[in-house]
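Novice: Sharing data-v5.cif here; it has mmCIF, C-alpha atoms.
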data_work
#
loop_
_atom_site.group_PDB
_atom_site.id
_atom_site.type_symbol
_atom_site.label_atom_id
_atom_site.label_comp_id
_atom_site.auth_asym_id
_atom_site.auth_seq_id
_atom_site.Cartn_x
_atom_site.Cartn_y
_atom_site.Cartn_z
ATOM 1 C CA MET A 1 10.855 -5.040 -15.716
ATOM 2 C CA ASN A 2 7.539 -6.405 -14.547
ATOM 3 C CA LEU A 3 5.071 -3.813 -13.258
ATOM 4 C CA HIS A 4 1.959 -4.158 -11.170
ATOM 5 C CA GLY A 5 0.357 -1.695 -13.567
ATOM 6 C CA ASP A 6 -2.214 -0.405 -11.080
ATOM 7 C CA ALA A 7 -0.155 0.299 -7.962
ATOM 8 C CA HIS A 8 -2.149 2.357 -5.455
ATOM 9 C CA LEU A 9 -3.550 1.945 -1.964
ATOM 10 C CA GLU A 10 -6.876 0.333 -2.864
ATOM 11 C CA PRO A 11 -5.353 -3.015 -3.895
ATOM 12 C CA TYR A 12 -2.946 -2.925 -0.919
ATOM 13 C CA ALA A 13 -4.047 -5.674 1.460
ATOM 14 C CA VAL A 14 -3.053 -6.411 5.049
ATOM 15 C CA THR A 15 -3.910 -9.909 6.284
ATOM 16 C CA ARG A 16 -2.654 -12.240 8.975
ATOM 17 C CA LEU A 17 -0.543 -13.905 6.258
ATOM 18 C CA GLY A 18 1.208 -10.739 5.129
ATOM 19 C CA ARG A 19 0.682 -7.526 3.213
ATOM 20 C CA GLY A 20 1.150 -6.227 -0.300
ATOM 21 C CA LEU A 21 -0.523 -5.427 -3.558
ATOM 22 C CA THR A 22 -3.290 -7.607 -4.957
ATOM 23 C CA ASP A 23 -5.270 -7.310 -8.216
ATOM 24 C CA PHE A 24 -2.696 -8.172 -10.859
ATOM 25 C CA ASP A 25 -4.970 -7.921 -13.919
ATOM 26 C CA ASP A 26 -3.099 -4.821 -15.213
ATOM 27 C CA THR A 27 0.432 -6.237 -14.938
ATOM 28 C CA THR A 28 2.714 -5.232 -17.765
ATOM 29 C CA LYS A 29 6.318 -4.550 -18.673
ATOM 30 C CA GLY A 30 7.828 -1.101 -18.192
ATOM 31 C CA LYS A 31 9.923 1.155 -16.016
ATOM 32 C CA PRO A 32 9.528 0.762 -12.227
ATOM 33 C CA VAL A 33 9.108 4.517 -11.853
ATOM 34 C CA ILE A 34 5.560 4.150 -13.204
ATOM 35 C CA ASP A 35 4.456 1.989 -10.243
ATOM 36 C CA LEU A 36 6.483 4.087 -7.794
ATOM 37 C CA VAL A 37 4.950 7.392 -8.874
ATOM 38 C CA ARG A 38 1.444 5.972 -8.923
ATOM 39 C CA PHE A 39 1.755 4.415 -5.460
ATOM 40 C CA GLY A 40 3.445 7.512 -4.032
ATOM 41 C CA THR A 41 0.680 9.721 -5.437
ATOM 42 C CA SER A 42 -1.898 7.411 -3.889
ATOM 43 C CA ILE A 43 -0.194 7.802 -0.491
ATOM 44 C CA LEU A 44 -0.322 11.600 -0.821
ATOM 45 C CA LEU A 45 -3.987 11.617 -1.851
ATOM 46 C CA ALA A 46 -4.948 9.297 1.016
ATOM 47 C CA ALA A 47 -3.003 11.420 3.523
ATOM 48 C CA ARG A 48 -4.803 14.549 2.334
ATOM 49 C CA GLU A 49 -8.184 12.841 2.468
ATOM 50 C CA LYS A 50 -7.500 11.721 6.047
ATOM 51 C CA GLY A 51 -6.231 15.172 7.084
ATOM 52 C CA TRP A 52 -2.679 13.897 7.584
ATOM 53 C CA THR A 53 -1.043 16.653 5.523
ATOM 54 C CA SER A 54 1.638 17.210 8.155
ATOM 55 C CA SER A 55 2.693 13.562 7.683
ATOM 56 C CA GLU A 56 2.899 13.539 3.880
ATOM 57 C CA SER A 57 6.687 13.787 3.686
ATOM 58 C CA SER A 58 7.312 11.192 6.387
ATOM 59 C CA LEU A 59 4.868 8.748 4.757
ATOM 60 C CA LEU A 60 6.557 9.096 1.371
ATOM 61 C CA ASP A 61 10.013 8.874 2.947
ATOM 62 C CA ALA A 62 9.051 5.643 4.709
ATOM 63 C CA PHE A 63 7.660 4.177 1.472
ATOM 64 C CA PHE A 64 10.835 4.952 -0.488
ATOM 65 C CA ARG A 65 13.142 3.834 2.361
ATOM 66 C CA GLY A 66 11.351 0.493 2.426
ATOM 67 C CA TYR A 67 11.522 0.183 -1.350
ATOM 68 C CA ARG A 68 15.272 0.868 -1.406
ATOM 69 C CA ALA A 69 15.907 -1.462 1.536
ATOM 70 C CA THR A 70 14.116 -4.391 -0.107
ATOM 71 C CA LEU A 71 15.990 -3.822 -3.367
ATOM 72 C CA ARG A 72 19.217 -4.282 -1.393
ATOM 73 C CA ASN A 73 17.839 -7.242 0.588
ATOM 74 C CA PRO A 74 14.783 -8.949 -1.009
ATOM 75 C CA GLY A 75 14.229 -11.161 2.064
ATOM 76 C CA LEU A 76 14.001 -8.181 4.402
ATOM 77 C CA GLN A 77 10.993 -8.100 6.712
ATOM 78 C CA ILE A 78 9.710 -4.549 7.272
ATOM 79 C CA HIS A 79 7.217 -3.451 9.906
ATOM 80 C CA THR A 80 3.719 -2.540 8.775
ATOM 81 C CA PRO A 81 3.855 0.945 7.230
ATOM 82 C CA GLU A 82 2.558 3.832 9.318
ATOM 83 C CA PHE A 83 -0.179 4.677 6.803
ATOM 84 C CA ALA A 84 -1.505 1.105 6.956
ATOM 85 C CA THR A 85 -1.492 1.133 10.757
ATOM 86 C CA ARG A 86 -3.197 4.538 10.879
ATOM 87 C CA ALA A 87 -5.795 3.580 8.260
ATOM 88 C CA ARG A 88 -6.571 0.333 10.082
ATOM 89 C CA LYS A 89 -7.127 2.091 13.422
ATOM 90 C CA GLY A 90 -10.752 1.894 14.452
ATOM 91 C CA PHE A 91 -11.562 -0.779 11.869
ATOM 92 C CA SER A 92 -13.486 -3.686 13.286
ATOM 93 C CA TRP A 93 -14.097 -6.863 11.367
ATOM 94 C CA ASN A 94 -17.704 -8.016 11.304
ATOM 95 C CA ARG A 95 -17.798 -11.470 9.733
ATOM 96 C CA ASP A 96 -21.614 -11.634 9.569
ATOM 97 C CA ALA A 97 -21.942 -8.253 7.853
ATOM 98 C CA SER A 98 -19.134 -9.126 5.450
ATOM 99 C CA SER A 99 -20.812 -12.420 4.546
ATOM 100 C CA ARG A 100 -24.122 -10.692 3.888
ATOM 101 C CA ALA A 101 -22.453 -8.044 1.699
ATOM 102 C CA SER A 102 -20.799 -10.643 -0.513
ATOM 103 C CA THR A 103 -23.981 -12.553 -1.302
#
Let me see the file written as C-alpha cells.
Specialist:
Amino acid sequence: MNLHGDAHLEPYAVTRLGRGLTDFDDTTKGKPVIDLVRFGTSILLAAREKGWTSSESSLLDAFFRGYRATLRNPGLQIHTPEFATRARKGFSWNRDASSRAST
C-alpha cells in the first residue's frame, strides 16, 4: 500500500478547492495502520492542546467513520471535519501580511 508517511494535522490543508493532506516528500510503501495511528494521535494531541479533551473520542470516531466510509465509496463527499471547522474558527486571512511573510 502507498502511505503518506507523515500523516498528521500540520500538512492537512483546507482550501476553496478541497481539503486533505499535502507534503508528500515522505511517501512510502507500508501498512495503512501507520498513517492511521499517526493521524489519530495528531488529532488527540491537537484536541488536548486546544482544551477539547471532552471531544477526543468524538473527533477520533468521526475520523475513523470517514475513513471507513471512503473505503467503501471512494467518490464519497464528506463534510469538513469538526476539528478542522473548530480550528479554523476565528482565523482571518490577511493577504498583505501573508505576502510580506513569504518574502
Novice: Quick one: residues within 10 Å of region 16-20 of chain A, all atoms listed in the file, excluding same-chain residues fewer than 2 positions away - as a PDB file with C-alpha atoms, keeping the file's coordinate frame?
Specialist:
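out_8.pdb written:
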ATOM      1  CA  LEU A   9      -3.550   1.945  -1.964  1.00  0.00           C
ATOM      2  CA  PRO A  11      -5.353  -3.015  -3.895  1.00  0.00           C
ATOM      3  CA  TYR A  12      -2.946  -2.925  -0.919  1.00  0.00           C
ATOM      4  CA  ALA A  13      -4.047  -5.674   1.460  1.00  0.00           C
ATOM      5  CA  VAL A  14      -3.053  -6.411   5.049  1.00  0.00           C
ATOM      6  CA  THR A  22      -3.290  -7.607  -4.957  1.00  0.00           C
ATOM      7  CA  THR A  80       3.719  -2.540   8.775  1.00  0.00           C
ATOM      8  CA  PRO A  81       3.855   0.945   7.230  1.00  0.00           C
ATOM      9  CA  ALA A  84      -1.505   1.105   6.956  1.00  0.00           C
TER      10      ALA A  84
END
Novice: Separation of CA of Thr27 (chain A) and CA of Gly75 (chain A), in Å?
Specialist: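 Spanning CA of Thr27 (chain A) to CA of Gly75 (chain A) is a straight-line distance of 22.4 Å.
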Novice: Box for region 39-58 of chain A - axis-aligned, 6 Å on each of the six sides, all listed atoms - centre and size in Å to one decimal, as JSON.
Specialist:
{"center_x": -0.4, "center_y": 10.8, "center_z": 1.3, "size_x": 27.5, "size_y": 24.8, "size_z": 25.6}
Novice: Just give me the gap between CA of Asp25 (chain A) and CA of Gly40 (chain A) in Å, one decimal is fine.
Specialist: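 Interatomic distance, CA of Asp25 (chain A) to CA of Gly40 (chain A): 20.2 Å.
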Novice: Contacts of region 59-71 of chain A at 8 Å or less, counting only C-alpha atoms, minus same-chain residues fewer than 2 places along, as a PyMOL selection string?
Specialist: chain A and resi 40+43-44+55-57+73-76+78+81-83
Novice: What gap, in Å, lies between CA of Trp52 (chain A) and CA of Gln77 (chain A)?
Specialist: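 Computing it gives 25.9 Å between the two atoms.
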Novice: Determine the residue set returned by the PyMOL selection byres ((chain A and resi 31) around 12) for the present structure, and present it as a list in words.
Specialist: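 Taken on the displayed file, the PyMOL selection byres ((chain A and resi 31) around 12) yields the residues Met1, Asn2, Leu3, His4, Gly5, Thr28, Lys29, Gly30, Pro32, Val33, Ile34, Asp35, Leu36 and Val37 of chain A.
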Novice: A:Asp23, A:Thr15, A:Arg72, A:His8: which is nearest Thr41 (chain A), counting all atoms listed in the file?
Specialist: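 Looking at the shortest contact to Thr41 (chain A), the residue is A:His8.
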